[in-house]
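Novice: Quick one: this structure, given as structure tokens, is what I'll be asking you about.
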Amino acid sequence: MKTDELITMLASGAEAAEPHALRHRYALALGWGAFGTTLLLTILLGVRPDIAEAARLPMFWMKLAFPAALAAGALLATIRLSRPGARLGHVPAAIAAPVLAVWLLAAIVLLGAAPAERPHLVFGDTWAYCPILIAALSVPLFGALLWAMKGLAPTQFALAGAAAGLLAGAGGALIYSLHCVEMAAPFLGIWYVLGMSIPAAVGAAIGPSVLRW
């Protein structure tokens, strides 16, 4: 929609938008997107067979908390950027905080490890495909979030697309954690962050064309 068309529509007394449209669209997008991502995980990868034993380890829950915290910050950014002229405020700090926390923990772990152990702490056994799988699992969430955002009124298209991509990537990483056996903080700080950054970068690239209204 062009700016002059929007002005004409507003001046003509068009009906007010549904007050809870934003909430409803994102609830629908997150629900169906999470379902699609979980279904992909179930069909393609499956849940790790030792998840009951792994759930007794504190690092397992930290691995889940990391993308969950990042998803919370990205959700705030996505919601705010769905409105014209909205400011992010402290949201970038909320997004950066879990990443910095994992990096700090990774540095502590690496400094306390023997030199011979450090390569495995960084690369684990799945570094070559972990980011690709996270990005692939994020696709259903990403598509649903772009649908939700396009039906609203974003104006900062690249930034809005990046926020939606980051939210999808964090959701994909959270669900992928149920399959992944890696639990070292250096691994999470590099390869999980890279996997979540891929859909964010894609969102920034396609946002101006996909989200334009």
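Chains: A, B, ... in order of the structure tokens. Residues: from 1 per chain. Ligands: from 1, in order shown.
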Write down as a PyMOL selection string the residues of region 33-133 of chain A whose backbone DSSP state falls under alpha helix (DSSP H).

Specialist: chain A and resi 33-44+51-54+58-81+91-112+118-123+130-133

Novice: Could you pull the residues within 9 Å of region 93-102 of chain A, counting only C-alpha atoms, minus those fewer than 5 positions along the same chain, as a PyMOL selection string?

Specialist: chain A and resi 65-67+69-74+77+107+185-186+188-189+193

Novice: Pick out the residues sitting within 6 Å of region 199-209 of chain A, and hand them over as a list in words; count only C-alpha atoms, and ignore anything fewer than 4 positions along from it in its own chain.

Specialist: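 Within the cut-off, the hits are Phe157, Ala158, Leu159, Gly161, Ala162, Gly165, Leu166 and Gly169 of chain A.
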
Novice: Can you pull out the residues contacting Gly143 (chain A)? Cut-off 10 Å, using only C-alpha atoms, and skip same-chain residues under 4 positions away; I want them as a ChimeraX atom specification.

Specialist: /A:29,33,138-139,147-148,164-165,168

Novice: One decimal, Å: what's the distance from CA of Asp50 (chain A) over to CA of Met196 (chain A), could you say?

Specialist: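 About the pair CA of Asp50 (chain A) and CA of Met196 (chain A): they are 24.7 Å apart.
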
Novice: So how many Å separate CA of Thr37 (chain A) and CA of Ile175 (chain A), to one decimal?

Specialist: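 The value is 7.4 Å.
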
Novice: Go through A:Tyr192, A:Phe187, A:Phe35, A:Tyr26 and flag the residue nearest Arg118 (chain A), using only C-alpha atoms for the distances.

Specialist: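 Closest to Arg118 (chain A), using only C-alpha atoms: A:Phe187.
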
Novice: Just how far from CA of Leu40 (chain A) is CA of Met183 (chain A), in Å to one decimal?

Specialist: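 Going from CA of Met183 (chain A) over to CA of Leu40 (chain A) covers 21.8 Å.
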
Novice: Tell me which protein, DNA and RNA residues are within 12 Å of Gln156 (chain A), counting only C-alpha atoms, leaving out same-chain ones fewer than 6 positions away, and put them as a list in words.

Specialist: Ala77, Thr78, Arg80, Leu81, Ser82, Arg83, Pro84, Gly85, Ala86, Arg87, Leu88, Met149, Lys150, Ala162, Ala163, Gly203, Ala204, Gly207, Pro208, Ser209, Val210, Leu211, Arg212 and Trp213 of chain A

Novice: Restricted to C-alpha atoms, what would the selected residues look like written as a PDB file, in the first residue's frame?

Specialist:
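Generated file (result_23.pdb):
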```pdb
ATOM      1  CA  ALA A  77      11.633  -6.975  18.948  1.00  0.00           C
ATOM      2  CA  THR A  78       9.312  -8.671  16.442  1.00  0.00           C
ATOM      3  CA  ARG A  80       7.504  -3.793  18.396  1.00  0.00           C
ATOM      4  CA  LEU A  81       8.745  -3.744  14.808  1.00  0.00           C
ATOM      5  CA  SER A  82       5.303  -4.831  13.610  1.00  0.00           C
ATOM      6  CA  ARG A  83       4.032  -1.348  14.444  1.00  0.00           C
ATOM      7  CA  PRO A  84       4.950   1.775  12.465  1.00  0.00           C
ATOM      8  CA  GLY A  85       7.389   4.075  14.205  1.00  0.00           C
ATOM      9  CA  ALA A  86       7.937   1.782  17.196  1.00  0.00           C
ATOM     10  CA  ARG A  87      11.220   2.021  19.084  1.00  0.00           C
ATOM     11  CA  LEU A  88      13.176  -0.958  20.329  1.00  0.00           C
ATOM     12  CA  MET A 149       4.145  -9.591  10.374  1.00  0.00           C
ATOM     13  CA  LYS A 150       3.101  -8.878   6.792  1.00  0.00           C
ATOM     14  CA  ALA A 162      15.866  -9.847  10.934  1.00  0.00           C
ATOM     15  CA  ALA A 163      13.888  -9.906  14.189  1.00  0.00           C
ATOM     16  CA  GLY A 203      15.171 -12.097   7.181  1.00  0.00           C
ATOM     17  CA  ALA A 204      17.156  -8.879   6.896  1.00  0.00           C
ATOM     18  CA  GLY A 207      12.369  -8.232   4.612  1.00  0.00           C
ATOM     19  CA  PRO A 208      12.226  -5.198   2.285  1.00  0.00           C
ATOM     20  CA  SER A 209      10.601  -7.260  -0.472  1.00  0.00           C
ATOM     21  CA  VAL A 210       8.457  -9.670   1.568  1.00  0.00           C
ATOM     22  CA  LEU A 211       7.127  -7.307   4.227  1.00  0.00           C
ATOM     23  CA  ARG A 212       6.503  -4.232   2.091  1.00  0.00           C
ATOM     24  CA  TRP A 213       2.862  -3.146   2.161  1.00  0.00           C
TER      25      TRP A 213
END
```
